[in-house]
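> my_file.txt is reproduced below (compact mmCIF, C-alpha atoms).
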```txt
# COMPACT_ATOMS: atom_id res chain seq x y z
CA MET M 1 70.98 104.70 45.59
CA LYS M 2 69.09 106.60 48.29
CA ALA M 3 65.46 107.44 47.45
CA GLN M 4 64.61 111.04 46.66
CA HIS M 5 61.65 113.02 47.92
CA ALA M 6 58.59 113.29 45.71
CA ASN M 7 58.86 116.00 43.07
CA SER M 8 56.66 118.32 45.09
CA TYR M 9 56.45 121.98 45.99
CA TYR M 10 57.39 120.95 49.51
CA ALA M 11 60.64 119.29 48.44
CA ALA M 12 61.49 122.25 46.20
CA SER M 13 60.96 124.69 49.10
CA ALA M 14 62.53 122.63 51.90
CA ASN M 15 64.59 124.85 54.19
CA LEU M 16 66.66 121.99 55.66
CA HIS M 17 68.56 119.47 53.56
CA LEU M 18 69.27 116.62 55.94
CA ASP M 19 71.42 113.67 54.92
CA TYR M 20 71.99 110.70 57.20
CA PRO M 21 74.08 107.55 56.70
CA GLN M 22 72.85 104.01 56.18
CA LEU M 23 72.96 101.83 59.28
CA GLN M 24 75.94 99.46 59.22
CA GLY M 25 77.01 96.77 61.69
CA GLU M 26 75.46 95.83 65.04
CA HIS M 27 74.06 98.43 67.43
CA GLN M 28 72.54 98.66 70.92
CA ALA M 29 69.88 101.16 72.02
CA ASP M 30 67.24 101.73 74.65
CA VAL M 31 64.64 102.38 71.95
CA CYS M 32 64.58 101.83 68.19
CA VAL M 33 62.03 103.87 66.26
CA VAL M 34 61.11 102.68 62.77
CA GLY M 35 59.93 105.42 60.42
CA ALA M 36 61.16 109.03 60.35
CA GLY M 37 57.95 110.90 59.71
CA ILE M 38 56.23 113.09 62.29
CA THR M 39 55.27 110.13 64.50
CA GLY M 40 58.76 108.66 64.58
CA ALA M 41 60.53 112.00 64.87
CA SER M 42 58.37 113.16 67.78
CA THR M 43 58.85 109.83 69.59
CA ALA M 44 62.61 110.05 69.15
CA LEU M 45 62.64 113.70 70.24
CA GLU M 46 60.64 113.07 73.42
CA LEU M 47 62.74 110.06 74.48
CA ALA M 48 66.15 111.45 73.55
CA SER M 49 65.30 114.63 75.47
CA GLN M 50 64.89 112.45 78.58
CA GLY M 51 68.25 110.75 78.15
CA TYR M 52 67.21 107.56 76.36
CA LYS M 53 69.57 106.15 73.77
CA VAL M 54 67.44 106.28 70.64
CA ILE M 55 68.08 105.00 67.12
CA LEU M 56 65.68 106.28 64.46
CA LEU M 57 65.60 104.19 61.26
CA GLU M 58 64.11 105.38 57.98
CA GLY M 59 63.78 103.10 54.96
CA SER M 60 63.96 106.00 52.48
CA ARG M 61 64.57 109.66 53.39
CA VAL M 62 63.43 111.42 56.55
CA GLY M 63 60.00 112.90 55.86
CA TRP M 64 59.64 110.79 52.71
CA GLY M 65 56.07 109.53 53.33
CA ALA M 66 52.82 111.33 54.09
CA SER M 67 54.50 113.56 56.68
CA GLY M 68 56.37 115.34 53.90
CA ARG M 69 53.71 115.28 51.17
CA SER M 70 50.32 115.95 52.76
CA GLY M 71 47.84 118.81 52.56
CA GLY M 72 49.37 120.29 55.70
CA GLN M 73 46.07 120.94 57.50
CA ALA M 74 46.23 120.51 61.29
CA ILE M 75 42.61 119.97 62.37
CA PHE M 76 40.78 119.18 65.62
CA GLY M 77 39.29 115.73 66.17
CA TRP M 78 39.88 112.48 64.33
CA ALA M 79 38.92 111.27 60.87
CA SER M 80 36.25 109.20 62.61
CA GLU M 81 33.39 111.36 63.89
CA GLN M 82 32.85 111.68 67.63
CA SER M 83 29.45 110.01 67.31
CA THR M 84 31.20 106.97 65.82
CA LEU M 85 33.80 106.95 68.60
CA GLU M 86 31.03 107.13 71.20
CA LYS M 87 29.54 103.95 69.73
CA LEU M 88 32.95 102.24 69.64
CA VAL M 89 34.28 103.09 73.12
CA GLY M 90 31.49 104.87 75.04
CA LYS M 91 31.00 108.56 75.78
CA ASP M 92 33.58 108.84 78.58
CA ASP M 93 36.46 107.46 76.52
CA ALA M 94 35.24 109.30 73.41
CA LYS M 95 35.58 112.52 75.44
CA LYS M 96 39.14 111.55 76.41
CA LEU M 97 39.96 110.88 72.77
CA TRP M 98 38.49 114.26 71.83
CA ASP M 99 40.56 116.04 74.47
CA LEU M 100 43.68 114.31 73.16
CA SER M 101 42.89 115.50 69.63
CA VAL M 102 42.68 119.08 70.88
CA GLU M 103 45.92 118.56 72.78
CA SER M 104 47.54 117.44 69.54
CA LEU M 105 47.12 120.96 68.15
CA ALA M 106 48.78 122.41 71.24
CA VAL M 107 51.61 119.85 70.93
CA THR M 108 52.16 120.87 67.30
CA LYS M 109 52.32 124.57 68.13
CA ASP M 110 54.58 123.84 71.11
CA TYR M 111 57.04 121.87 68.97
CA ILE M 112 57.14 124.69 66.41
CA GLY M 113 57.79 127.34 69.04
CA LYS M 114 60.13 125.41 71.33
CA HIS M 115 62.35 124.17 68.50
CA GLN M 116 61.99 127.26 66.31
CA ILE M 117 60.76 125.26 63.33
CA ASP M 118 60.28 127.46 60.26
CA CYS M 119 57.23 125.83 58.64
CA ASP M 120 54.79 128.66 57.77
CA TRP M 121 52.28 127.93 60.55
CA GLN M 122 49.00 129.81 59.99
CA ASP M 123 45.97 129.83 62.32
CA GLY M 124 42.50 129.13 60.92
CA GLN M 125 40.68 126.29 59.14
CA ILE M 126 37.14 125.85 57.83
CA HIS M 127 34.87 122.97 56.80
CA VAL M 128 32.58 124.14 54.01
CA ALA M 129 29.11 123.03 52.85
CA ILE M 130 28.31 122.21 49.22
CA LYS M 131 24.75 120.97 49.73
CA ASP M 132 21.83 121.88 51.98
CA ARG M 133 22.34 118.70 54.00
CA HIS M 134 25.96 119.77 54.60
CA VAL M 135 24.68 123.01 56.15
CA ARG M 136 22.52 121.01 58.56
CA GLU M 137 25.38 118.62 59.32
CA LEU M 138 27.83 121.44 60.08
CA LYS M 139 25.39 123.26 62.38
CA GLU M 140 24.66 120.02 64.24
CA TRP M 141 28.38 119.26 64.45
CA GLN M 142 29.16 122.68 65.92
CA GLN M 143 26.38 122.30 68.48
CA GLN M 144 27.61 118.83 69.50
CA LEU M 145 31.23 119.94 69.89
CA SER M 146 30.22 123.00 71.91
CA GLU M 147 27.62 121.40 74.18
CA ASP M 148 29.02 117.88 74.62
CA TYR M 149 32.74 118.53 74.34
CA GLY M 150 33.15 122.13 75.47
CA TYR M 151 34.96 123.23 72.31
CA GLU M 152 34.45 126.96 71.96
CA HIS M 153 36.69 127.85 69.00
CA LEU M 154 34.01 127.32 66.33
CA GLU M 155 31.84 129.79 64.42
CA TYR M 156 29.23 128.92 61.84
CA TRP M 157 29.42 131.28 58.85
CA SER M 158 26.47 131.88 56.55
CA GLN M 159 26.99 131.97 52.80
CA ASP M 160 27.35 135.77 52.89
CA GLN M 161 29.86 135.62 55.75
CA LEU M 162 31.84 132.94 53.99
CA GLU M 163 31.94 134.88 50.73
CA ASN M 164 33.70 137.72 52.58
CA GLN M 165 36.63 135.37 53.22
CA LEU M 166 36.50 132.73 50.46
CA LYS M 167 35.95 133.74 46.84
CA SER M 168 34.51 130.55 45.43
CA PRO M 169 30.95 130.18 44.10
CA ARG M 170 30.60 126.59 45.32
CA TYR M 171 29.72 126.89 48.99
CA LEU M 172 26.62 127.53 51.08
CA GLY M 173 28.33 128.18 54.41
CA GLY M 174 31.05 126.86 56.67
CA MET M 175 32.23 126.03 60.19
CA PHE M 176 35.36 128.03 61.01
CA ASP M 177 37.84 126.92 63.67
CA SER M 178 40.32 129.50 64.96
CA ASN M 179 42.33 126.85 66.83
CA SER M 180 43.18 124.63 63.86
CA GLY M 181 45.52 125.76 61.11
CA HIS M 182 48.01 124.76 58.43
CA LEU M 183 51.75 124.47 57.81
CA HIS M 184 54.48 123.29 55.43
CA PRO M 185 54.52 119.59 56.37
CA LEU M 186 57.97 118.66 55.09
CA ASN M 187 59.66 121.62 56.78
CA TYR M 188 57.81 120.76 59.99
CA THR M 189 58.93 117.12 59.79
CA LEU M 190 62.52 118.03 58.99
CA GLY M 191 62.52 120.44 61.93
CA LEU M 192 61.37 117.67 64.27
CA VAL M 193 64.02 115.28 62.94
CA LYS M 194 66.72 117.92 63.44
CA ALA M 195 65.47 118.59 66.98
CA ALA M 196 65.59 114.85 67.73
CA GLU M 197 69.16 114.70 66.45
CA GLN M 198 70.14 117.69 68.59
CA ALA M 199 68.56 115.97 71.60
CA GLY M 200 70.86 112.98 71.04
CA ALA M 201 68.98 110.57 68.77
CA SER M 202 71.03 108.68 66.16
CA ILE M 203 69.33 108.81 62.76
CA TYR M 204 69.84 106.58 59.74
CA GLU M 205 68.33 106.70 56.26
CA ASP M 206 68.11 104.03 53.53
CA SER M 207 67.82 101.55 56.41
CA LYS M 208 64.61 99.60 55.89
CA VAL M 209 63.75 97.13 58.64
CA ILE M 210 63.03 93.71 57.13
CA LYS M 211 62.73 91.49 60.21
CA ILE M 212 61.93 91.79 63.91
CA GLU M 213 62.94 89.20 66.51
CA HIS M 214 60.72 89.63 69.57
CA GLY M 215 61.71 89.00 73.16
CA ALA M 216 62.73 90.74 76.38
CA LYS M 217 65.24 92.44 74.12
CA VAL M 218 64.09 93.03 70.56
CA LYS M 219 66.40 92.69 67.58
CA LEU M 220 65.63 94.51 64.34
CA HIS M 221 67.38 93.62 61.10
CA THR M 222 68.03 95.69 57.99
CA ALA M 223 69.76 94.33 54.90
CA GLN M 224 73.09 95.58 56.21
CA ALA M 225 72.81 95.83 60.01
CA SER M 226 70.91 95.16 63.22
CA VAL M 227 69.75 96.95 66.36
CA SER M 228 69.13 95.30 69.75
CA CYS M 229 66.95 97.31 72.12
CA GLN M 230 64.54 97.23 75.05
CA HIS M 231 61.67 98.95 73.22
CA VAL M 232 60.53 99.38 69.61
CA VAL M 233 58.20 101.94 68.09
CA LEU M 234 56.72 101.17 64.67
CA ALA M 235 55.84 104.46 63.00
CA CYS M 236 55.38 103.14 59.46
CA ASN M 237 51.64 103.78 58.89
CA ALA M 238 50.85 103.26 55.18
CA TYR M 239 54.34 101.91 54.52
CA MET M 240 54.42 98.81 56.74
CA GLU M 241 55.02 96.68 53.60
CA GLY M 242 55.20 93.18 55.03
CA LEU M 243 56.91 94.01 58.33
CA ASN M 244 53.90 92.87 60.38
CA SER M 245 50.95 91.26 58.60
CA LYS M 246 48.44 91.82 61.43
CA LEU M 247 49.12 95.56 61.55
CA GLU M 248 49.20 95.80 57.78
CA SER M 249 45.78 94.14 57.51
CA LYS M 250 44.18 96.89 59.63
CA VAL M 251 45.31 99.72 57.36
CA MET M 252 44.71 100.39 53.67
CA PRO M 253 47.20 102.59 51.78
CA VAL M 254 45.21 105.12 49.73
CA GLY M 255 46.74 107.59 47.30
CA THR M 256 45.81 111.24 47.51
CA TYR M 257 47.07 114.10 45.34
CA ILE M 258 47.96 117.79 45.40
CA CYS M 259 48.90 120.44 42.87
CA ALA M 260 50.58 123.82 43.36
CA THR M 261 50.35 126.89 41.16
CA LYS M 262 53.19 129.29 40.62
CA PRO M 263 53.32 132.13 43.21
CA LEU M 264 50.23 134.30 42.81
CA GLY M 265 51.48 137.23 44.84
CA GLU M 266 50.08 138.13 48.24
CA GLN M 267 47.33 140.41 46.92
CA ARG M 268 45.85 137.81 44.57
CA ALA M 269 46.16 135.03 47.15
CA ARG M 270 44.20 137.15 49.66
CA GLU M 271 41.58 137.84 47.01
CA LEU M 272 40.96 134.08 47.01
CA ILE M 273 41.23 133.41 50.77
CA ALA M 274 41.17 136.71 52.62
CA ASN M 275 42.16 135.39 56.06
CA ASN M 276 44.60 132.75 54.72
CA MET M 277 42.72 129.85 56.36
CA ALA M 278 42.85 126.24 55.23
CA VAL M 279 39.69 124.88 53.62
CA CYS M 280 38.12 121.46 53.11
CA ASP M 281 34.63 120.39 52.13
CA ILE M 282 32.79 117.55 53.88
CA ASN M 283 32.19 115.18 50.99
CA PHE M 284 33.47 111.67 51.65
CA VAL M 285 35.91 112.16 48.75
CA LEU M 286 36.77 115.74 49.54
CA ASP M 287 38.62 118.76 48.17
CA TYR M 288 41.11 120.49 50.48
CA TYR M 289 43.24 123.53 49.81
CA ARG M 290 45.13 126.49 51.21
CA CYS M 291 47.70 129.10 50.21
CA SER M 292 51.38 128.47 50.84
CA GLY M 293 53.81 130.76 52.62
CA ASP M 294 54.95 132.12 49.24
CA HIS M 295 51.32 132.64 48.11
CA ARG M 296 50.69 129.66 45.83
CA MET M 297 47.41 127.83 45.76
CA LEU M 298 47.93 124.28 47.05
CA PHE M 299 44.91 122.24 45.99
CA GLY M 300 44.34 118.62 47.01
CA GLY M 301 41.80 115.94 46.37
CA ARG M 302 41.06 112.78 44.42
CA VAL M 303 41.95 109.35 45.73
CA SER M 304 43.40 106.17 44.24
CA TYR M 305 42.98 102.73 45.74
CA SER M 306 45.16 100.97 43.18
CA GLY M 307 48.50 102.50 44.14
CA ILE M 308 48.77 103.86 40.59
CA GLU M 309 49.01 107.63 40.13
CA PRO M 310 46.25 108.99 37.84
CA ARG M 311 47.30 109.81 34.28
CA ASN M 312 47.79 113.48 33.47
CA LEU M 313 47.80 114.29 37.18
CA ALA M 314 48.61 117.99 36.82
CA GLN M 315 45.83 118.49 34.27
CA THR M 316 43.32 116.51 36.32
CA MET M 317 44.08 118.46 39.50
CA LYS M 318 43.97 121.78 37.67
CA GLN M 319 40.50 120.99 36.32
CA ARG M 320 39.32 120.33 39.85
CA MET M 321 40.96 123.53 41.15
CA ASP M 322 39.43 125.62 38.34
CA TRP M 323 35.99 124.26 39.22
CA VAL M 324 36.40 125.68 42.73
CA PHE M 325 38.26 128.84 41.64
CA PRO M 326 37.35 129.76 38.04
CA GLN M 327 39.48 132.88 38.44
CA LEU M 328 42.58 130.62 38.45
CA SER M 329 41.90 129.26 34.98
CA ASP M 330 44.79 131.34 33.59
CA GLU M 331 47.26 130.05 36.20
CA PRO M 332 49.49 127.10 35.28
CA VAL M 333 50.23 124.28 37.70
CA GLU M 334 53.93 124.10 38.55
CA PHE M 335 53.91 120.96 40.73
CA ALA M 336 51.62 117.95 41.05
CA TRP M 337 52.35 115.00 43.33
CA GLY M 338 50.80 112.37 45.53
CA GLY M 339 51.43 109.82 48.24
CA ASN M 340 49.74 107.26 50.42
CA VAL M 341 47.78 107.79 53.62
CA GLY M 342 46.87 104.87 55.87
CA ILE M 343 43.12 104.51 56.49
CA THR M 344 41.28 102.15 58.82
CA ILE M 345 37.83 100.70 58.13
CA ASN M 346 36.19 102.88 60.82
CA ARG M 347 38.56 105.85 60.18
CA ALA M 348 39.52 105.81 63.88
CA PRO M 349 43.24 105.86 64.80
CA HIS M 350 44.87 102.50 65.43
CA PHE M 351 47.43 102.70 68.28
CA GLY M 352 48.64 99.93 70.55
CA ARG M 353 51.23 97.22 71.15
CA ILE M 354 52.00 93.97 69.32
CA ALA M 355 54.15 92.89 72.26
CA PRO M 356 54.69 94.42 75.73
CA ASN M 357 57.73 96.33 74.44
CA VAL M 358 56.69 96.95 70.79
CA TYR M 359 54.43 99.94 70.16
CA PHE M 360 52.73 101.20 67.02
CA ALA M 361 50.59 104.09 65.82
CA GLN M 362 48.92 104.06 62.42
CA GLY M 363 45.65 104.63 60.59
CA PHE M 364 45.41 108.41 60.90
CA SER M 365 43.11 108.26 57.87
CA GLY M 366 44.16 111.57 56.35
CA HIS M 367 43.92 113.41 59.65
CA GLY M 368 47.49 113.07 60.84
CA ILE M 369 49.38 116.37 60.80
CA ALA M 370 48.68 117.11 64.46
CA ALA M 371 47.69 113.60 65.62
CA THR M 372 51.02 112.07 64.57
CA GLY M 373 52.98 114.34 66.89
CA LEU M 374 50.64 113.46 69.73
CA ALA M 375 51.05 109.75 68.93
CA GLY M 376 54.81 110.03 69.26
CA LYS M 377 54.49 111.86 72.56
CA LEU M 378 52.06 109.27 73.94
CA MET M 379 54.26 106.33 72.95
CA ALA M 380 57.23 108.03 74.57
CA GLU M 381 55.16 108.55 77.74
CA SER M 382 54.21 104.88 77.73
CA ILE M 383 57.83 103.76 77.37
CA MET M 384 58.66 106.04 80.28
CA ALA M 385 56.04 104.06 82.34
CA THR M 386 53.01 106.35 82.01
CA SER M 387 50.72 104.42 79.68
CA GLU M 388 47.22 105.44 80.77
CA ARG M 389 46.63 107.98 77.99
CA PHE M 390 48.07 105.76 75.25
CA ASP M 391 46.03 102.75 76.36
CA ILE M 392 42.74 104.57 75.68
CA PHE M 393 43.33 103.95 71.97
CA ASP M 394 43.63 100.23 72.52
CA LYS M 395 39.92 100.19 73.42
CA ILE M 396 38.94 101.10 69.84
CA PRO M 397 38.01 97.91 67.97
CA HIS M 398 39.58 97.53 64.53
CA MET M 399 38.63 95.04 61.87
CA PRO M 400 41.05 93.90 59.16
CA PHE M 401 40.28 94.89 55.59
CA PRO M 402 38.62 91.88 53.94
CA GLY M 403 40.49 89.93 51.30
CA GLY M 404 44.04 90.35 52.53
CA ARG M 405 46.67 92.27 50.59
CA LEU M 406 45.50 91.06 47.15
CA LEU M 407 41.72 91.43 47.43
CA ARG M 408 41.27 94.32 49.84
CA THR M 409 41.68 96.92 47.06
CA PRO M 410 38.76 95.80 44.84
CA ALA M 411 36.59 95.36 47.94
CA LEU M 412 37.34 98.93 49.01
CA VAL M 413 36.74 100.28 45.50
CA LEU M 414 33.22 98.83 45.60
CA ALA M 415 32.58 100.46 48.96
CA MET M 416 33.97 103.80 47.80
CA THR M 417 31.72 103.76 44.74
CA TYR M 418 28.76 104.00 47.11
CA TYR M 419 30.24 107.05 48.86
CA ARG M 420 31.11 108.76 45.56
CA ILE M 421 27.49 108.39 44.47
CA ARG M 422 26.35 109.75 47.85
CA ASP M 423 28.61 112.80 47.41
CA LEU M 424 26.75 113.60 44.20
CA LEU M 425 23.30 113.50 45.79
```
Turn the structure described in the file into structure tokens.


Amino acid sequence: MKAQHANSYYAASANLHLDYPQLQGEHQADVCVVGAGITGASTALELASQGYKVILLEGSRVGWGASGRSGGQAIFGWASEQSTLEKLVGKDDAKKLWDLSVESLAVTKDYIGKHQIDCDWQDGQIHVAIKDRHVRELKEWQQQLSEDYGYEHLEYWSQDQLENQLKSPRYLGGMFDSNSGHLHPLNYTLGLVKAAEQAGASIYEDSKVIKIEHGAKVKLHTAQASVSCQHVVLACNAYMEGLNSKLESKVMPVGTYICATKPLGEQRARELIANNMAVCDINFVLDYYRCSGDHRMLFGGRVSYSGIEPRNLAQTMKQRMDWVFPQLSDEPVEFAWGGNVGITINRAPHFGRIAPNVYFAQGFSGHGIAATGLAGKLMAESIMATSERFDIFDKIPHMPFPGGRLLRTPALVLAMTYYRIRDLL
């Protein structure tokens, strides 16, 4: 039986209900894309639009993973700070990576407009300070991005300025970005998949790839079928699940969770967030939230490294939400759900090739709404013989998580304990 989407607000408010067959028999293609999230859908869209014969395979349902469950915040930069990227690849390539991150926002907005994707796009996002050191960090961050990277969309807001827009008692100030924003991630993903289909891509669900035979022509096997092709794109991220052990070792699946209230009405929603921006704090284990297109509060946070959803998830998330917005204490939670994101040790994106004709993009580390679309576009460019921009990412060194599949989780839990304590200081 075909897997169903998570019981989320996003699934309940999906405006497209796509249903694709399971792959059967033997097939030929120019390119086979594995994974029908934003990365896979954008790759398929770009290549099919240029006349390539593309087969897009999804092991569950299109948009089933993080692309259809996330917080929906499309933010500049990468999960790894620019200062970290400068140490990893040097200032020149760090600047190129920064420019690509800004381009990813433009790519997202272009896809939405060009393909008329109804996904509640809203401009505006802010990083907020909880502690005095956060205030210093945000001011230094804004200065660095303005002076070193020429990014002029940022404003630092004092506590008084922030209180005019965000009615929470928790924060001391914030760095507002008018260029970033937020959207309904499942509707965005479904819109990209539909656009790829209309461009000529063949799409199959319930078609998990279980084996890859490498060579000048690559052959991919599912339980029921196979595809032979010139190029492969692996867009699996946190759901690689044994398909390639080397790639899987570089990424750790981490659970993150969201709750949604019932509709609050536009007036009450604007009393909470006057300009309808997305919000996240800058703790290592952070809170992130925004209002939906139908004026619910969507509140995310918490992490799980065990793969097990926390008990009483709705109650736990509501307690966190009420801490930030005490005025929502009378509002019940209607949905609570979670899913895995793929994180790397250094939080930098992990893109590259495992063979000359097999590409991958993973490790967005919770920063993937815009970056995933860019990743698909860059892999498509590389397949079409323009690889310079994609190859920049291959310069980023990535270490495997220690301990392999069995021991990497307890090792990461120990490391995260340190950061949780630091968040409290």

> Report, in Å with one decimal, the straight-line distance from CA of Glu163 (chain M) to CA of Gly301 (chain M).

21.8 Å

> What is the CA of Cys32 (chain M) to CA of Tyr111 (chain M) distance in Å?

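Separation of CA of Cys32 (chain M) and CA of Tyr111 (chain M): 21.4 Å.
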
> Give me, as a tab-separated table, each residue of region 272-354 of chain M that comes within 7 Å of region 393-404 of chain M, together with its shortest interatomic pair and the distance in Å at one decimal, counting all atoms listed in the file, with rows ordered by chain and rising residue number.


```
residue	atom	partner	partner_atom	distance
M:Ile345	CA	M:Phe401	CA	6.8
M:His350	CA	M:Phe393	CA	6.9
M:Phe351	CA	M:Phe393	CA	5.7
M:Gly352	CA	M:Asp394	CA	5.4
```

> May I have the residues within 6 Å of region 208-210 of chain M as a PDB file with C-alpha atoms, in the coordinates of the input, using all atoms listed in the file and disregarding those fewer than 6 positions away in the same chain?


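After the write, out31.pdb holds the following:
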```pdb
ATOM      1  CA  GLY M  59      63.780 103.100  54.960  1.00  0.00           C
ATOM      2  CA  HIS M 221      67.380  93.620  61.100  1.00  0.00           C
ATOM      3  CA  THR M 222      68.030  95.690  57.990  1.00  0.00           C
TER       4      THR M 222
END
```

> Listing only residues of region 304-393 of chain M within 8 Å of region 256-276 of chain M, what is the closest atom pair and its distance in Å (to one decimal) for each, using only C-alpha atoms, sorted by chain and residue number ascending, as CSV?


```
residue,atom,partner,partner_atom,distance
M:Ser304,CA,M:Thr256,CA,6.5
M:Ala314,CA,M:Cys259,CA,6.5
M:Met317,CA,M:Cys259,CA,6.2
M:Lys318,CA,M:Cys259,CA,7.3
M:Phe325,CA,M:Leu272,CA,8.0
M:Glu331,CA,M:Thr261,CA,6.6
M:Pro332,CA,M:Thr261,CA,5.9
M:Val333,CA,M:Thr261,CA,4.3
M:Glu334,CA,M:Thr261,CA,5.2
M:Phe335,CA,M:Ala260,CA,5.1
M:Ala336,CA,M:Cys259,CA,4.1
M:Trp337,CA,M:Ile258,CA,5.6
M:Gly338,CA,M:Tyr257,CA,4.1
M:Gly339,CA,M:Thr256,CA,5.8
M:Asn340,CA,M:Thr256,CA,6.3
M:Val341,CA,M:Thr256,CA,7.3
```

> Would you mind exporting C-alpha atoms of the selected residues as a compact mmCIF listing (two decimals), in the frame of the given file?


```
# COMPACT_ATOMS: atom_id res chain seq x y z
CA SER M 304 43.40 106.17 44.24
CA ALA M 314 48.61 117.99 36.82
CA MET M 317 44.08 118.46 39.50
CA LYS M 318 43.97 121.78 37.67
CA PHE M 325 38.26 128.84 41.64
CA GLU M 331 47.26 130.05 36.20
CA PRO M 332 49.49 127.10 35.28
CA VAL M 333 50.23 124.28 37.70
CA GLU M 334 53.93 124.10 38.55
CA PHE M 335 53.91 120.96 40.73
CA ALA M 336 51.62 117.95 41.05
CA TRP M 337 52.35 115.00 43.33
CA GLY M 338 50.80 112.37 45.53
CA GLY M 339 51.43 109.82 48.24
CA ASN M 340 49.74 107.26 50.42
CA VAL M 341 47.78 107.79 53.62
```

> Would you compute the box with edges along x, y and z of the file around region 81-94 of chain M, including every atom the file lists for it and 8 Å extra on each side, and give its centre and edge lengths in Å to one decimal, as JSON?


```
{"center_x": 33.0, "center_y": 107.0, "center_z": 71.2, "size_x": 23.0, "size_y": 25.4, "size_z": 30.7}
```

> Between CA of Met277 (chain M) and CA of Asn164 (chain M), what is the spacing in Å?

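Between CA of Asn164 (chain M) and CA of Met277 (chain M) the gap is 12.6 Å.
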
> Counting only C-alpha atoms, what is within 12 Å of region 175-177 of chain M, bar same-chain residues fewer than 4 positions away, as a ChimeraX atom specification?

/M:73-77,102,105,123-129,134-143,145-146,151-159,161-162,165-166,171,181-182,275,277-282

> Counting all atoms listed in the file, select every polymer residue within 7 Å of (59.3, 114.8, 49.8) as defined in the file's coordinates, and provide the selection as a list in words.

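Residues found, by chain and rising number: His5, Ala6, Asn7, Ser8, Tyr10, Ala11, Gly63, Trp64, Gly68, Arg69 and Leu186 of chain M.
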
> Using only C-alpha atoms for the distances, tell me which of M:His184, M:Lys377, M:Arg290, M:His367 is nearest to Ser13 (chain M).

M:His184

> Which of these, M:Thr316, M:Ser207, M:Ser67, M:Thr43, has the shortest distance to Ala225 (chain M) once you count only C-alpha atoms?

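Answer, going by the shortest atom-to-atom distance: M:Ser207.
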
> Could you check the closest approach to Asn237 (chain M) for each of M:Ile383, M:Ala48, M:Ala201, M:Ala36 and tell me which residue wins, using only C-alpha atoms?

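Under the stated criterion, the closest residue is M:Ala36.
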
> Quick one: everything within 12 Å of Thr372 (chain M), counting only C-alpha atoms, minus sequence neighbours fewer than 6 positions away in the same chain. Send it as JSON, numbers by chain.

{"M": [35, 36, 37, 38, 39, 40, 41, 42, 43, 66, 67, 74, 75, 78, 100, 101, 103, 104, 105, 107, 108, 185, 188, 189, 192, 235, 236, 237, 349, 350, 351, 360, 361, 362, 363, 364, 365, 366, 378, 379]}

> I'd like the contact shell of Tyr204 (chain M) - 9 Å cut-off, only C-alpha atoms, skipping same-chain residues fewer than 6 positions apart - returned as a PyMOL selection string.

chain M and resi 19-23+55-59+61-62

> Given the choices M:Met240, M:Leu45, M:Gly342, M:Leu234, which gets closest to Glu197 (chain M) if the distance is worked out from only C-alpha atoms?

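Going through M:Met240, M:Leu45, M:Gly342, M:Leu234 one by one, the smallest distance to Glu197 (chain M) is for M:Leu45.
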
> Mind listing as number ranges by chain all residues within 12 Å of (65.0, 88.4, 74.1), counting all atoms listed in the file?

M: 212-220, 228-231, 355, 357

> Since the input lacks atoms, please generate N, CA and C atoms for region 295-305 of chain M and provide them as a tab-separated table (two decimals), in the frame of the given file.


```tsv
chain	number	residue	atom	x	y	z
M	295	HIS	N	52.54	132.19	48.77
M	295	HIS	CA	51.32	132.64	48.11
M	295	HIS	C	50.98	131.85	46.84
M	296	ARG	N	51.22	130.57	46.86
M	296	ARG	CA	50.69	129.66	45.83
M	296	ARG	C	49.37	129.10	46.32
M	297	MET	N	48.56	128.64	45.38
M	297	MET	CA	47.41	127.83	45.76
M	297	MET	C	47.85	126.37	45.77
M	298	LEU	N	47.68	125.71	46.92
M	298	LEU	CA	47.93	124.28	47.05
M	298	LEU	C	46.58	123.60	47.12
M	299	PHE	N	46.25	122.81	46.11
M	299	PHE	CA	44.91	122.24	45.99
M	299	PHE	C	45.00	120.73	45.96
M	300	GLY	N	44.28	120.07	46.89
M	300	GLY	CA	44.34	118.62	47.01
M	300	GLY	C	42.98	117.97	46.86
M	301	GLY	N	43.02	116.71	46.51
M	301	GLY	CA	41.80	115.94	46.37
M	301	GLY	C	42.06	114.67	45.58
M	302	ARG	N	41.01	114.05	45.13
M	302	ARG	CA	41.06	112.78	44.42
M	302	ARG	C	41.68	111.70	45.32
M	303	VAL	N	41.35	110.47	45.04
M	303	VAL	CA	41.95	109.35	45.73
M	303	VAL	C	42.17	108.22	44.74
M	304	SER	N	43.13	107.36	45.04
M	304	SER	CA	43.40	106.17	44.24
M	304	SER	C	43.59	105.00	45.19
M	305	TYR	N	42.87	103.92	44.92
M	305	TYR	CA	42.98	102.73	45.74
M	305	TYR	C	43.86	101.66	45.10
```
